[in-house]
>>> print(open('data.cif').read())   # mmCIF, C-alpha atoms
data_coords
#
loop_
_atom_site.label_atom_id
_atom_site.label_comp_id
_atom_site.auth_asym_id
_atom_site.auth_seq_id
_atom_site.Cartn_x
_atom_site.Cartn_y
_atom_site.Cartn_z
CA MET K 1 57.69 149.97 50.80
CA HIS K 2 60.48 149.51 48.27
CA LEU K 3 62.48 152.74 48.07
CA PRO K 4 64.53 152.64 44.86
CA GLU K 5 67.56 154.78 44.06
CA LEU K 6 68.57 156.56 40.87
CA ASN K 7 72.21 156.64 39.91
CA ILE K 8 72.84 159.53 37.54
CA ARG K 9 75.85 158.96 35.32
CA LEU K 10 77.01 159.69 31.80
CA PRO K 11 76.78 156.97 29.12
CA ASP K 12 79.63 154.48 28.74
CA TRP K 13 80.66 155.80 25.31
CA LEU K 14 81.28 159.33 26.53
CA PRO K 15 84.79 159.08 28.08
CA ALA K 16 86.27 157.58 24.89
CA TRP K 17 84.48 160.22 22.80
CA LEU K 18 85.94 162.97 24.97
CA GLU K 19 89.47 161.59 24.54
CA ARG K 20 89.19 162.27 20.82
CA HIS K 21 88.39 165.96 21.43
CA ALA K 22 90.07 169.00 22.95
CA THR K 23 89.06 170.09 26.46
CA ARG K 24 89.77 173.83 26.21
CA PHE K 25 87.84 176.11 23.90
CA PRO K 26 88.54 179.85 24.12
CA ARG K 27 85.88 180.73 21.48
CA PRO K 28 82.14 180.41 22.25
CA GLU K 29 81.48 178.90 18.81
CA ALA K 30 84.04 176.16 19.50
CA ARG K 31 82.35 175.35 22.82
CA MET K 32 78.99 175.14 21.08
CA ALA K 33 80.46 172.99 18.28
CA LEU K 34 81.63 170.47 20.90
CA VAL K 35 78.16 170.40 22.48
CA ILE K 36 76.43 169.97 19.12
CA GLY K 37 78.86 167.13 18.36
CA LEU K 38 77.84 165.48 21.63
CA ALA K 39 74.14 165.83 20.75
CA ARG K 40 74.76 164.30 17.31
CA GLU K 41 76.69 161.39 18.84
CA ASN K 42 73.90 160.83 21.39
CA VAL K 43 71.39 160.53 18.53
CA ALA K 44 73.68 158.04 16.78
CA ARG K 45 73.78 156.03 20.04
CA GLY K 46 69.98 155.98 20.32
CA GLY K 47 69.66 158.84 22.84
CA GLY K 48 67.79 162.14 22.70
CA PRO K 49 68.96 165.00 20.42
CA PHE K 50 70.11 167.31 23.21
CA ALA K 51 73.48 167.96 24.86
CA ALA K 52 74.89 170.54 27.25
CA ALA K 53 78.19 171.28 28.95
CA ILE K 54 79.63 173.54 31.61
CA PHE K 55 82.84 175.46 30.97
CA ASP K 56 84.94 177.71 33.18
CA ARG K 57 85.81 181.25 32.09
CA ARG K 58 89.04 180.09 30.47
CA GLY K 59 86.92 177.85 28.23
CA GLU K 60 88.00 174.64 29.98
CA LEU K 61 85.39 171.87 29.84
CA LEU K 62 84.20 171.14 33.36
CA MET K 63 81.28 168.78 32.68
CA PRO K 64 79.67 167.45 29.47
CA ALA K 65 76.24 165.81 29.39
CA VAL K 66 73.65 164.30 27.07
CA ASN K 67 69.92 163.68 27.35
CA GLN K 68 69.11 160.32 28.99
CA VAL K 69 65.33 160.43 29.49
CA VAL K 70 64.59 157.21 27.61
CA PRO K 71 67.54 154.99 28.67
CA GLY K 72 67.36 156.30 32.26
CA HIS K 73 63.57 155.83 32.56
CA CYS K 74 63.40 159.35 34.01
CA SER K 75 61.76 162.47 32.58
CA LEU K 76 64.14 164.75 34.51
CA LEU K 77 67.29 163.55 32.75
CA HIS K 78 67.59 166.42 30.28
CA ALA K 79 71.16 167.25 29.27
CA GLU K 80 71.24 170.54 31.21
CA MET K 81 70.12 168.73 34.38
CA LEU K 82 72.92 166.17 34.14
CA ALA K 83 75.54 168.83 33.39
CA ILE K 84 74.47 170.86 36.43
CA ALA K 85 74.08 167.93 38.84
CA LEU K 86 77.39 166.31 37.90
CA ALA K 87 79.34 169.60 37.88
CA GLN K 88 78.01 170.23 41.38
CA GLN K 89 79.17 166.75 42.43
CA ARG K 90 82.59 167.45 40.94
CA LEU K 91 82.87 170.70 42.92
CA GLY K 92 81.11 169.33 46.01
CA ASN K 93 78.81 172.35 46.20
CA TYR K 94 75.16 173.02 45.30
CA ASP K 95 76.11 176.52 44.10
CA LEU K 96 78.40 176.59 41.04
CA GLY K 97 78.82 180.33 41.64
CA THR K 98 81.32 179.47 44.38
CA HIS K 99 83.78 177.98 41.84
CA ALA K 100 87.23 179.58 41.80
CA GLU K 101 86.94 180.12 38.04
CA ALA K 102 83.43 181.64 38.28
CA ARG K 103 81.44 182.71 36.40
CA LEU K 104 80.79 179.30 34.93
CA GLU K 105 78.99 179.00 31.59
CA LEU K 106 76.33 176.48 30.60
CA VAL K 107 76.25 175.78 26.86
CA ALA K 108 73.05 174.06 25.67
CA SER K 109 72.48 172.70 22.17
CA THR K 110 68.83 173.89 22.40
CA GLU K 111 67.25 176.63 24.55
CA PRO K 112 66.14 175.27 27.94
CA CYS K 113 62.63 173.89 28.51
CA ALA K 114 60.57 175.20 31.44
CA MET K 115 62.19 172.77 33.89
CA CYS K 116 65.77 173.37 32.78
CA LEU K 117 65.16 177.14 32.83
CA GLY K 118 64.43 176.91 36.55
CA ALA K 119 67.36 174.54 37.05
CA VAL K 120 69.73 177.05 35.41
CA VAL K 121 68.65 179.67 37.94
CA TRP K 122 69.32 177.37 40.92
CA SER K 123 72.62 176.07 39.55
CA GLY K 124 74.77 179.11 40.20
CA VAL K 125 76.08 179.40 36.61
CA GLY K 126 76.71 182.96 35.45
CA ARG K 127 76.11 182.56 31.71
CA LEU K 128 73.83 180.54 29.45
CA VAL K 129 74.71 180.06 25.76
CA CYS K 130 72.08 178.46 23.49
CA GLY K 131 72.17 176.93 20.01
CA ALA K 132 68.78 176.00 18.54
CA ARG K 133 65.64 177.89 19.55
CA GLY K 134 62.85 176.41 21.65
CA GLU K 135 60.74 176.74 18.49
CA ASP K 136 63.08 174.32 16.71
CA ALA K 137 62.39 171.67 19.38
CA GLU K 138 58.64 172.33 19.10
CA ALA K 139 58.86 172.03 15.32
CA ILE K 140 59.86 168.35 15.64
CA GLY K 141 57.20 167.72 18.33
CA PHE K 142 58.80 168.38 21.73
CA ASP K 143 56.76 170.44 24.21
CA GLU K 144 58.83 173.17 25.91
CA GLY K 145 56.50 173.53 28.90
CA PRO K 146 55.20 176.57 30.80
CA LYS K 147 58.05 179.01 30.23
CA PRO K 148 57.53 182.75 30.75
CA ALA K 149 57.73 184.88 27.59
CA ASP K 150 60.36 187.09 29.28
CA TRP K 151 62.63 184.22 30.36
CA VAL K 152 65.81 185.86 29.06
CA GLU K 153 65.08 188.97 31.15
CA ALA K 154 64.15 186.80 34.17
CA LEU K 155 67.60 185.19 34.02
CA GLY K 156 69.23 188.60 33.55
CA ALA K 157 67.48 189.86 36.68
CA ARG K 158 69.19 187.00 38.55
CA GLY K 159 72.63 187.85 37.19
CA ILE K 160 72.68 185.22 34.40
CA GLU K 161 73.69 186.54 30.99
CA VAL K 162 72.04 184.79 28.01
CA THR K 163 73.45 184.45 24.47
CA ARG K 164 71.16 182.89 21.85
CA ASP K 165 71.51 181.50 18.32
CA VAL K 166 75.16 180.41 18.53
CA LEU K 167 75.51 177.94 15.63
CA GLY K 168 71.72 177.77 15.78
CA GLU K 169 71.31 176.24 12.34
CA GLU K 170 73.79 173.41 13.05
CA ALA K 171 72.08 172.73 16.37
CA ALA K 172 68.61 172.64 14.79
CA ALA K 173 69.93 170.20 12.17
CA VAL K 174 70.54 167.63 14.96
CA LEU K 175 66.89 167.95 16.01
CA ARG K 176 65.77 167.33 12.44
CA LEU K 177 68.16 164.37 12.17
CA TYR K 178 66.49 162.84 15.24
CA ALA K 179 62.99 163.44 13.87
CA GLY K 180 64.01 161.96 10.52
CA ARG K 181 65.18 158.78 12.28
CA GLY K 182 61.81 158.49 14.04
CA GLY K 183 63.29 159.25 17.48
CA THR K 184 60.98 158.96 20.51
CA LEU K 185 59.05 162.13 21.40
CA TYR K 186 58.82 161.58 25.14
CA ASN K 187 56.19 164.20 26.00
CA PRO K 188 54.03 162.51 28.69
CA GLY K 189 50.98 160.82 27.22
CA GLY K 190 52.46 161.36 23.75
CA ARG K 191 50.93 164.89 23.73
CA GLN K 192 51.64 167.44 21.05
CA PRO K 193 53.57 170.56 22.10
CA ILE K 194 51.67 173.62 23.36
CA PRO K 195 53.53 176.69 22.11
CA PRO K 196 54.17 179.28 24.84
CA LYS K 197 53.15 182.92 24.48
CA ARG K 198 55.97 184.80 22.80
CA MET P 1 88.52 164.12 33.01
CA HIS P 2 86.93 162.80 36.19
CA LEU P 3 83.25 162.06 35.47
CA PRO P 4 81.45 161.79 38.83
CA GLU P 5 78.09 160.14 39.44
CA LEU P 6 75.17 161.23 41.59
CA ASN P 7 73.22 158.62 43.47
CA ILE P 8 69.75 159.94 44.30
CA ARG P 9 68.26 158.26 47.35
CA LEU P 10 66.05 159.12 50.28
CA PRO P 11 67.62 159.83 53.69
CA ASP P 12 68.40 156.95 56.06
CA TRP P 13 65.76 158.01 58.61
CA LEU P 14 62.88 157.84 56.15
CA PRO P 15 62.04 154.08 56.07
CA ALA P 16 61.68 153.90 59.87
CA TRP P 17 59.59 157.09 59.85
CA LEU P 18 57.29 155.55 57.22
CA GLU P 19 56.82 152.42 59.30
CA ARG P 20 55.20 154.56 62.00
CA HIS P 21 52.61 155.93 59.54
CA ALA P 22 49.77 154.62 57.39
CA THR P 23 50.36 154.13 53.67
CA ARG P 24 46.82 154.62 52.35
CA PHE P 25 45.00 157.94 52.64
CA PRO P 26 41.62 158.23 50.93
CA ARG P 27 41.19 161.92 51.90
CA PRO P 28 43.32 164.65 50.25
CA GLU P 29 43.84 166.40 53.61
CA ALA P 30 45.25 163.19 55.08
CA ARG P 31 47.69 162.87 52.17
CA MET P 32 48.79 166.47 52.69
CA ALA P 33 49.12 165.93 56.44
CA LEU P 34 51.56 163.07 55.79
CA VAL P 35 53.60 165.26 53.45
CA ILE P 36 53.67 168.18 55.91
CA GLY P 37 54.78 165.71 58.60
CA LEU P 38 57.64 164.63 56.34
CA ALA P 39 58.67 168.25 55.77
CA ARG P 40 58.63 168.92 59.51
CA GLU P 41 60.75 165.81 60.18
CA ASN P 42 63.22 166.85 57.46
CA VAL P 43 63.68 170.22 59.19
CA ALA P 44 64.25 168.43 62.51
CA ARG P 45 66.92 166.31 60.77
CA GLY P 46 68.69 169.39 59.36
CA GLY P 47 67.18 169.24 55.85
CA GLY P 48 65.15 171.77 53.86
CA PRO P 49 61.52 172.59 54.81
CA PHE P 50 59.93 170.92 51.78
CA ALA P 51 58.43 167.48 51.15
CA ALA P 52 56.38 165.86 48.41
CA ALA P 53 54.83 162.48 47.67
CA ILE P 54 53.13 160.63 44.85
CA PHE P 55 49.91 158.71 45.50
CA ASP P 56 47.79 156.51 43.27
CA ARG P 57 44.09 157.21 42.81
CA ARG P 58 43.14 154.92 45.70
CA GLY P 59 45.28 157.16 47.96
CA GLU P 60 48.07 154.59 48.30
CA LEU P 61 51.50 156.13 48.89
CA LEU P 62 53.72 155.32 45.93
CA MET P 63 56.77 157.49 46.69
CA PRO P 64 57.59 159.97 49.47
CA ALA P 65 60.46 162.48 49.24
CA VAL P 66 62.14 165.35 51.06
CA ASN P 67 64.35 168.21 49.95
CA GLN P 68 68.04 167.25 49.89
CA VAL P 69 69.76 170.24 48.25
CA VAL P 70 72.22 170.91 51.06
CA PRO P 71 73.15 167.33 52.14
CA GLY P 72 73.24 166.16 48.47
CA HIS P 73 75.36 169.11 47.26
CA CYS P 74 72.91 169.51 44.38
CA SER P 75 70.55 172.39 43.64
CA LEU P 76 68.19 170.08 41.71
CA LEU P 77 67.27 167.91 44.70
CA HIS P 78 63.95 169.55 45.52
CA ALA P 79 61.38 167.22 47.09
CA GLU P 80 59.18 167.12 43.98
CA MET P 81 62.16 166.12 41.83
CA LEU P 82 63.04 163.20 44.08
CA ALA P 83 59.44 162.03 44.30
CA ILE P 84 59.13 162.07 40.49
CA ALA P 85 62.52 160.51 39.73
CA LEU P 86 62.16 157.71 42.29
CA ALA P 87 58.53 156.94 41.38
CA GLN P 88 59.67 156.61 37.76
CA GLN P 89 62.42 154.23 38.85
CA ARG P 90 59.89 152.21 40.82
CA LEU P 91 57.63 151.92 37.76
CA GLY P 92 60.51 151.61 35.27
CA ASN P 93 58.99 154.26 33.01
CA TYR P 94 59.74 157.95 32.32
CA ASP P 95 55.99 158.62 32.02
CA LEU P 96 53.99 158.11 35.22
CA GLY P 97 50.83 158.46 33.14
CA THR P 98 51.34 154.86 32.03
CA HIS P 99 50.74 153.56 35.58
CA ALA P 100 47.88 151.08 35.93
CA GLU P 101 46.38 153.20 38.73
CA ALA P 102 46.71 156.47 36.76
CA ARG P 103 46.06 159.33 37.19
CA LEU P 104 48.79 159.63 39.80
CA GLU P 105 48.77 162.62 42.15
CA LEU P 106 51.75 164.66 43.31
CA VAL P 107 51.23 166.27 46.72
CA ALA P 108 53.69 169.07 47.51
CA SER P 109 54.02 170.84 50.87
CA THR P 110 54.65 174.12 48.99
CA GLU P 111 53.68 175.18 45.46
CA PRO P 112 56.37 174.20 42.93
CA CYS P 113 59.23 176.54 42.01
CA ALA P 114 59.91 177.28 38.33
CA MET P 115 62.04 174.14 37.92
CA CYS P 116 59.62 171.78 39.66
CA LEU P 117 56.71 173.26 37.69
CA GLY P 118 58.38 172.11 34.49
CA ALA P 119 59.27 168.77 36.06
CA VAL P 120 55.62 168.18 37.00
CA VAL P 121 54.65 168.61 33.36
CA TRP P 122 57.25 166.07 32.15
CA SER P 123 56.48 163.56 34.91
CA GLY P 124 53.17 162.24 33.64
CA VAL P 125 51.25 162.87 36.89
CA GLY P 126 47.60 163.82 36.41
CA ARG P 127 47.04 165.94 39.51
CA LEU P 128 49.03 168.39 41.63
CA VAL P 129 47.92 169.22 45.18
CA CYS P 130 49.72 172.07 46.98
CA GLY P 131 49.90 173.20 50.62
CA ALA P 132 51.70 176.50 51.22
CA ARG P 133 51.78 179.20 48.53
CA GLY P 134 54.88 180.21 46.60
CA GLU P 135 54.54 183.54 48.43
CA ASP P 136 55.03 181.74 51.76
CA ALA P 137 58.40 180.38 50.54
CA GLU P 138 59.37 183.85 49.31
CA ALA P 139 58.36 185.34 52.66
CA ILE P 140 61.14 183.39 54.39
CA GLY P 141 63.66 184.21 51.65
CA PHE P 142 63.46 181.47 48.99
CA ASP P 143 63.36 182.57 45.36
CA GLU P 144 60.68 180.77 43.32
CA GLY P 145 62.31 181.46 39.95
CA PRO P 146 60.89 182.48 36.56
CA LYS P 147 57.40 180.98 36.78
CA PRO P 148 54.62 182.17 34.47
CA ALA P 149 51.75 184.03 36.18
CA ASP P 150 49.28 181.59 34.56
CA TRP P 151 51.07 178.42 35.69
CA VAL P 152 47.89 176.77 37.00
CA GLU P 153 46.21 177.23 33.62
CA ALA P 154 49.38 176.05 31.81
CA LEU P 155 49.21 172.77 33.75
CA GLY P 156 45.47 172.51 33.07
CA ALA P 157 46.13 172.89 29.34
CA ARG P 158 48.38 169.82 29.64
CA GLY P 159 45.75 167.75 31.45
CA ILE P 160 47.10 168.31 34.99
CA GLU P 161 44.49 169.38 37.52
CA VAL P 162 45.77 171.68 40.31
CA THR P 163 44.36 172.04 43.84
CA ARG P 164 45.87 174.77 46.03
CA ASP P 165 45.80 175.75 49.72
CA VAL P 166 45.22 172.27 51.16
CA LEU P 167 46.26 172.66 54.84
CA GLY P 168 48.08 175.77 53.62
CA GLU P 169 48.50 177.30 57.06
CA GLU P 170 50.04 174.13 58.54
CA ALA P 171 52.37 173.85 55.57
CA ALA P 172 53.46 177.49 55.85
CA ALA P 173 54.15 176.95 59.56
CA VAL P 174 56.93 174.47 58.62
CA LEU P 175 58.56 177.15 56.46
CA ARG P 176 58.48 179.60 59.37
CA LEU P 177 59.87 176.92 61.70
CA TYR P 178 62.82 176.49 59.34
CA ALA P 179 63.39 180.25 59.11
CA GLY P 180 63.18 180.54 62.91
CA ARG P 181 65.91 177.91 63.28
CA GLY P 182 68.16 179.86 60.90
CA GLY P 183 67.93 177.23 58.13
CA THR P 184 70.11 177.70 55.04
CA LEU P 185 68.53 179.76 52.23
CA TYR P 186 70.26 178.08 49.32
CA ASN P 187 69.45 180.59 46.58
CA PRO P 188 72.64 180.73 44.47
CA GLY P 189 74.94 183.53 45.52
CA GLY P 190 72.76 184.03 48.60
CA ARG P 191 70.45 186.26 46.54
CA GLN P 192 67.14 187.58 47.80
CA PRO P 193 63.97 186.29 46.07
CA ILE P 194 62.61 188.12 43.03
CA PRO P 195 58.80 187.93 43.22
CA PRO P 196 57.18 186.79 39.95
CA LYS P 197 54.44 188.79 38.24
CA ARG P 198 51.12 187.63 39.66
#
>>> encode(input="data.cif", output="structure tokens")
Amino acid sequence: MHLPELNIRLPDWLPAWLERHATRFPRPEARMALVIGLARENVARGGGPFAAAIFDRRGELLMPAVNQVVPGHCSLLHAEMLAIALAQQRLGNYDLGTHAEARLELVASTEPCAMCLGAVVWSGVGRLVCGARGEDAEAIGFDEGPKPADWVEALGARGIEVTRDVLGEEAAAVLRLYAGRGGTLYNPGGRQPIPPKR
Amino acid sequence: MHLPELNIRLPDWLPAWLERHATRFPRPEARMALVIGLARENVARGGGPFAAAIFDRRGELLMPAVNQVVPGHCSLLHAEMLAIALAQQRLGNYDLGTHAEARLELVASTEPCAMCLGAVVWSGVGRLVCGARGEDAEAIGFDEGPKPADWVEALGARGIEVTRDVLGEEAAAVLRLYAGRGGTLYNPGGRQPIPPKR
């Protein structure tokens, strides 16, 4: 049996893009603005309209990421997943909570889907900051998956603080930009989204 | 900034292990028995007590996988995630529902955690077959994450049929074997599990 491998890496344009931007952002809005900029650039490069990044508590960028489902031929390659996996490789530990500058913060341009919600819990980050709402992703046709209605409280119960709606309108504008360009809606089978109970 | 990569691959012992086993299993119990055998072998090799595999509708093994969180330094490397990601690489498509022998089936030695539940939805598989219950994983100390109480129905609404408790007792025995050997409980921060609402 042929056993393939999957090499997870950031796109080739990303290092040069990062060189044109700061790497330390004391204000939460500035961290989100960087992530929204990454999402917008990913759309311009033909990728999905989602980005995420992990910052330490001084606001230093530890790991940026963008959605790579379509170019990577892999439904797991959401931006949050790449940010978590590559930050863990950088630190050499499956628990980001062991970082010297803990608690680390995950900034996501859109609220996490069902899969990324679980991944946030396992990652060891201490904070989650979101831009656009899950409803904004559904509005352009992305399913968000089976996510409990009380997901913010479920993260809180596991010691993860959640902040929503940071530059939410700017973040949602990137989703609408993608939809307007006819971007691929990669729900399996081309299904329409099924809104969760809220 | 150093941008690391993560190469996802199966452990070195797996190809030789596969050569000692059949690759086509018409009966669901036989498919589950293979997956439980993989989980047991992974424990013997120092890995986590979870395995998963994807089969086509003739019962042909398309992709086996084992949990690699600890050796891979990555909290996302649950068995289901590897099986999905590597099957998608094998087919060159982010939607396994496009496979000629669809609907593909994911067999998991234990019911999916919150993250893997979402990943199953995005994968494009048409069936999920589970061995041990989520409660069995919690009983040895693994958190299952924020998973909706109606997760079976949520998969059904998305066209994914779920079968539970296939060789459940044998599958749970592998979890207890791992606990008895003092296997690592890699919940972030070493937290205790928080049982979901059921």
>>> calpha_fit_and_write(input="data.cif", fixed="chain P", moving="chain K", output="compact mmCIF listing (two decimals) with C-alpha atoms, in the frame of the given file")
# COMPACT_ATOMS: atom_id res chain seq x y z
CA MET K 1 88.52 164.11 33.00
CA HIS K 2 86.92 162.80 36.18
CA LEU K 3 83.25 162.05 35.47
CA PRO K 4 81.46 161.77 38.82
CA GLU K 5 78.09 160.14 39.44
CA LEU K 6 75.16 161.23 41.58
CA ASN K 7 73.22 158.61 43.47
CA ILE K 8 69.76 159.94 44.30
CA ARG K 9 68.26 158.27 47.34
CA LEU K 10 66.05 159.10 50.29
CA PRO K 11 67.62 159.82 53.70
CA ASP K 12 68.38 156.93 56.05
CA TRP K 13 65.76 157.99 58.61
CA LEU K 14 62.88 157.83 56.16
CA PRO K 15 62.05 154.08 56.07
CA ALA K 16 61.69 153.90 59.87
CA TRP K 17 59.58 157.08 59.84
CA LEU K 18 57.29 155.57 57.22
CA GLU K 19 56.80 152.41 59.30
CA ARG K 20 55.20 154.55 61.99
CA HIS K 21 52.61 155.92 59.54
CA ALA K 22 49.78 154.60 57.39
CA THR K 23 50.37 154.12 53.66
CA ARG K 24 46.82 154.62 52.36
CA PHE K 25 45.01 157.92 52.62
CA PRO K 26 41.61 158.21 50.93
CA ARG K 27 41.20 161.92 51.89
CA PRO K 28 43.33 164.64 50.24
CA GLU K 29 43.83 166.39 53.60
CA ALA K 30 45.26 163.19 55.08
CA ARG K 31 47.70 162.87 52.17
CA MET K 32 48.79 166.46 52.67
CA ALA K 33 49.11 165.94 56.45
CA LEU K 34 51.55 163.08 55.80
CA VAL K 35 53.60 165.27 53.44
CA ILE K 36 53.67 168.17 55.90
CA GLY K 37 54.79 165.71 58.59
CA LEU K 38 57.64 164.63 56.32
CA ALA K 39 58.67 168.26 55.75
CA ARG K 40 58.64 168.92 59.50
CA GLU K 41 60.74 165.81 60.17
CA ASN K 42 63.21 166.85 57.45
CA VAL K 43 63.67 170.22 59.19
CA ALA K 44 64.24 168.43 62.50
CA ARG K 45 66.91 166.31 60.75
CA GLY K 46 68.68 169.38 59.36
CA GLY K 47 67.18 169.24 55.85
CA GLY K 48 65.15 171.76 53.86
CA PRO K 49 61.52 172.58 54.80
CA PHE K 50 59.93 170.93 51.77
CA ALA K 51 58.43 167.48 51.14
CA ALA K 52 56.37 165.87 48.40
CA ALA K 53 54.84 162.48 47.67
CA ILE K 54 53.13 160.63 44.86
CA PHE K 55 49.91 158.71 45.50
CA ASP K 56 47.78 156.51 43.27
CA ARG K 57 44.07 157.21 42.82
CA ARG K 58 43.16 154.92 45.70
CA GLY K 59 45.28 157.16 47.94
CA GLU K 60 48.07 154.59 48.30
CA LEU K 61 51.50 156.13 48.89
CA LEU K 62 53.72 155.32 45.93
CA MET K 63 56.78 157.48 46.68
CA PRO K 64 57.61 159.98 49.46
CA ALA K 65 60.45 162.48 49.23
CA VAL K 66 62.14 165.35 51.05
CA ASN K 67 64.36 168.22 49.95
CA GLN K 68 68.07 167.26 49.88
CA VAL K 69 69.76 170.25 48.25
CA VAL K 70 72.23 170.90 51.07
CA PRO K 71 73.16 167.33 52.13
CA GLY K 72 73.24 166.17 48.48
CA HIS K 73 75.37 169.11 47.27
CA CYS K 74 72.91 169.51 44.39
CA SER K 75 70.54 172.39 43.63
CA LEU K 76 68.17 170.08 41.71
CA LEU K 77 67.28 167.91 44.70
CA HIS K 78 63.96 169.56 45.52
CA ALA K 79 61.40 167.22 47.09
CA GLU K 80 59.18 167.12 43.98
CA MET K 81 62.17 166.13 41.83
CA LEU K 82 63.06 163.19 44.08
CA ALA K 83 59.44 162.03 44.29
CA ILE K 84 59.12 162.06 40.49
CA ALA K 85 62.52 160.50 39.72
CA LEU K 86 62.16 157.71 42.28
CA ALA K 87 58.53 156.94 41.38
CA GLN K 88 59.65 156.61 37.77
CA GLN K 89 62.42 154.22 38.86
CA ARG K 90 59.89 152.20 40.84
CA LEU K 91 57.63 151.91 37.78
CA GLY K 92 60.50 151.61 35.30
CA ASN K 93 59.00 154.26 33.03
CA TYR K 94 59.74 157.95 32.34
CA ASP K 95 55.99 158.62 32.01
CA LEU K 96 53.99 158.12 35.23
CA GLY K 97 50.83 158.47 33.14
CA THR K 98 51.32 154.86 32.03
CA HIS K 99 50.74 153.56 35.59
CA ALA K 100 47.87 151.08 35.96
CA GLU K 101 46.38 153.21 38.74
CA ALA K 102 46.69 156.47 36.75
CA ARG K 103 46.06 159.30 37.21
CA LEU K 104 48.77 159.63 39.80
CA GLU K 105 48.78 162.62 42.16
CA LEU K 106 51.75 164.67 43.32
CA VAL K 107 51.23 166.28 46.73
CA ALA K 108 53.70 169.08 47.52
CA SER K 109 54.02 170.82 50.88
CA THR K 110 54.66 174.12 49.01
CA GLU K 111 53.69 175.19 45.47
CA PRO K 112 56.37 174.20 42.93
CA CYS K 113 59.23 176.55 42.01
CA ALA K 114 59.92 177.28 38.33
CA MET K 115 62.03 174.14 37.92
CA CYS K 116 59.63 171.78 39.67
CA LEU K 117 56.72 173.27 37.70
CA GLY K 118 58.38 172.10 34.49
CA ALA K 119 59.27 168.77 36.08
CA VAL K 120 55.62 168.18 37.01
CA VAL K 121 54.65 168.62 33.37
CA TRP K 122 57.23 166.06 32.16
CA SER K 123 56.48 163.56 34.92
CA GLY K 124 53.17 162.24 33.64
CA VAL K 125 51.25 162.87 36.90
CA GLY K 126 47.60 163.81 36.41
CA ARG K 127 47.04 165.94 39.52
CA LEU K 128 49.04 168.39 41.63
CA VAL K 129 47.93 169.22 45.19
CA CYS K 130 49.72 172.07 47.00
CA GLY K 131 49.90 173.20 50.62
CA ALA K 132 51.70 176.51 51.23
CA ARG K 133 51.77 179.20 48.54
CA GLY K 134 54.88 180.20 46.61
CA GLU K 135 54.54 183.53 48.43
CA ASP K 136 55.02 181.73 51.76
CA ALA K 137 58.39 180.38 50.55
CA GLU K 138 59.37 183.86 49.31
CA ALA K 139 58.36 185.34 52.66
CA ILE K 140 61.14 183.38 54.40
CA GLY K 141 63.66 184.22 51.64
CA PHE K 142 63.46 181.47 49.00
CA ASP K 143 63.36 182.59 45.36
CA GLU K 144 60.68 180.77 43.32
CA GLY K 145 62.31 181.46 39.95
CA PRO K 146 60.89 182.48 36.57
CA LYS K 147 57.41 180.98 36.80
CA PRO K 148 54.63 182.17 34.47
CA ALA K 149 51.76 184.02 36.18
CA ASP K 150 49.27 181.60 34.57
CA TRP K 151 51.06 178.42 35.70
CA VAL K 152 47.89 176.76 37.01
CA GLU K 153 46.22 177.23 33.61
CA ALA K 154 49.39 176.05 31.81
CA LEU K 155 49.22 172.77 33.75
CA GLY K 156 45.48 172.51 33.07
CA ALA K 157 46.14 172.88 29.35
CA ARG K 158 48.40 169.81 29.64
CA GLY K 159 45.77 167.75 31.45
CA ILE K 160 47.11 168.31 34.99
CA GLU K 161 44.50 169.38 37.53
CA VAL K 162 45.77 171.69 40.30
CA THR K 163 44.36 172.04 43.84
CA ARG K 164 45.86 174.78 46.03
CA ASP K 165 45.79 175.75 49.71
CA VAL K 166 45.20 172.27 51.17
CA LEU K 167 46.24 172.67 54.83
CA GLY K 168 48.07 175.76 53.61
CA GLU K 169 48.48 177.29 57.05
CA GLU K 170 50.03 174.12 58.54
CA ALA K 171 52.37 173.85 55.56
CA ALA K 172 53.46 177.50 55.84
CA ALA K 173 54.14 176.95 59.55
CA VAL K 174 56.92 174.46 58.61
CA LEU K 175 58.55 177.15 56.46
CA ARG K 176 58.46 179.58 59.37
CA LEU K 177 59.85 176.91 61.70
CA TYR K 178 62.81 176.50 59.34
CA ALA K 179 63.40 180.25 59.11
CA GLY K 180 63.17 180.54 62.90
CA ARG K 181 65.90 177.90 63.27
CA GLY K 182 68.15 179.86 60.89
CA GLY K 183 67.93 177.22 58.14
CA THR K 184 70.11 177.70 55.04
CA LEU K 185 68.54 179.76 52.24
CA TYR K 186 70.26 178.08 49.31
CA ASN K 187 69.45 180.60 46.57
CA PRO K 188 72.65 180.74 44.45
CA GLY K 189 74.94 183.55 45.51
CA GLY K 190 72.77 184.05 48.60
CA ARG K 191 70.44 186.28 46.51
CA GLN K 192 67.14 187.60 47.78
CA PRO K 193 63.99 186.30 46.07
CA ILE K 194 62.61 188.13 43.02
CA PRO K 195 58.82 187.95 43.21
CA PRO K 196 57.19 186.83 39.95
CA LYS K 197 54.44 188.82 38.25
CA ARG K 198 51.11 187.70 39.65
>>> resolve_selection(input="data.cif", expression="the PyMOL selection byres ((chain K) within 7 of (chain P))", output="MDAnalysis selection string")
chainID K and resid 4:9 69:70 73:76 85:86 88:90 92:95 97 114:119 121:124 145:148 151 154 187:189
>>> residues_around(input="data.cif", residues="Ala139 (chain K)", least_positions_apart="2", cutoff="12 Å", atoms="all atoms listed in the file", output="VMD selection string")
chain K and resid 132 to 137 141 to 144 172 to 173 175 to 176 178 to 179 185 192 to 195
>>> residues_around(input="data.cif", residues="region 40-43 of chain K", least_positions_apart="6", cutoff="10 Å", atoms="all atoms listed in the file", output="list in words")
Pro11, Trp13, Leu14, Trp17, Leu34, Pro49, Phe50, Ala51, Ala65, Val66, Asn67, Gln68, Ser109, Ala171, Ala173, Val174, Leu175, Leu177, Tyr178, Arg181 and Gly183 of chain K
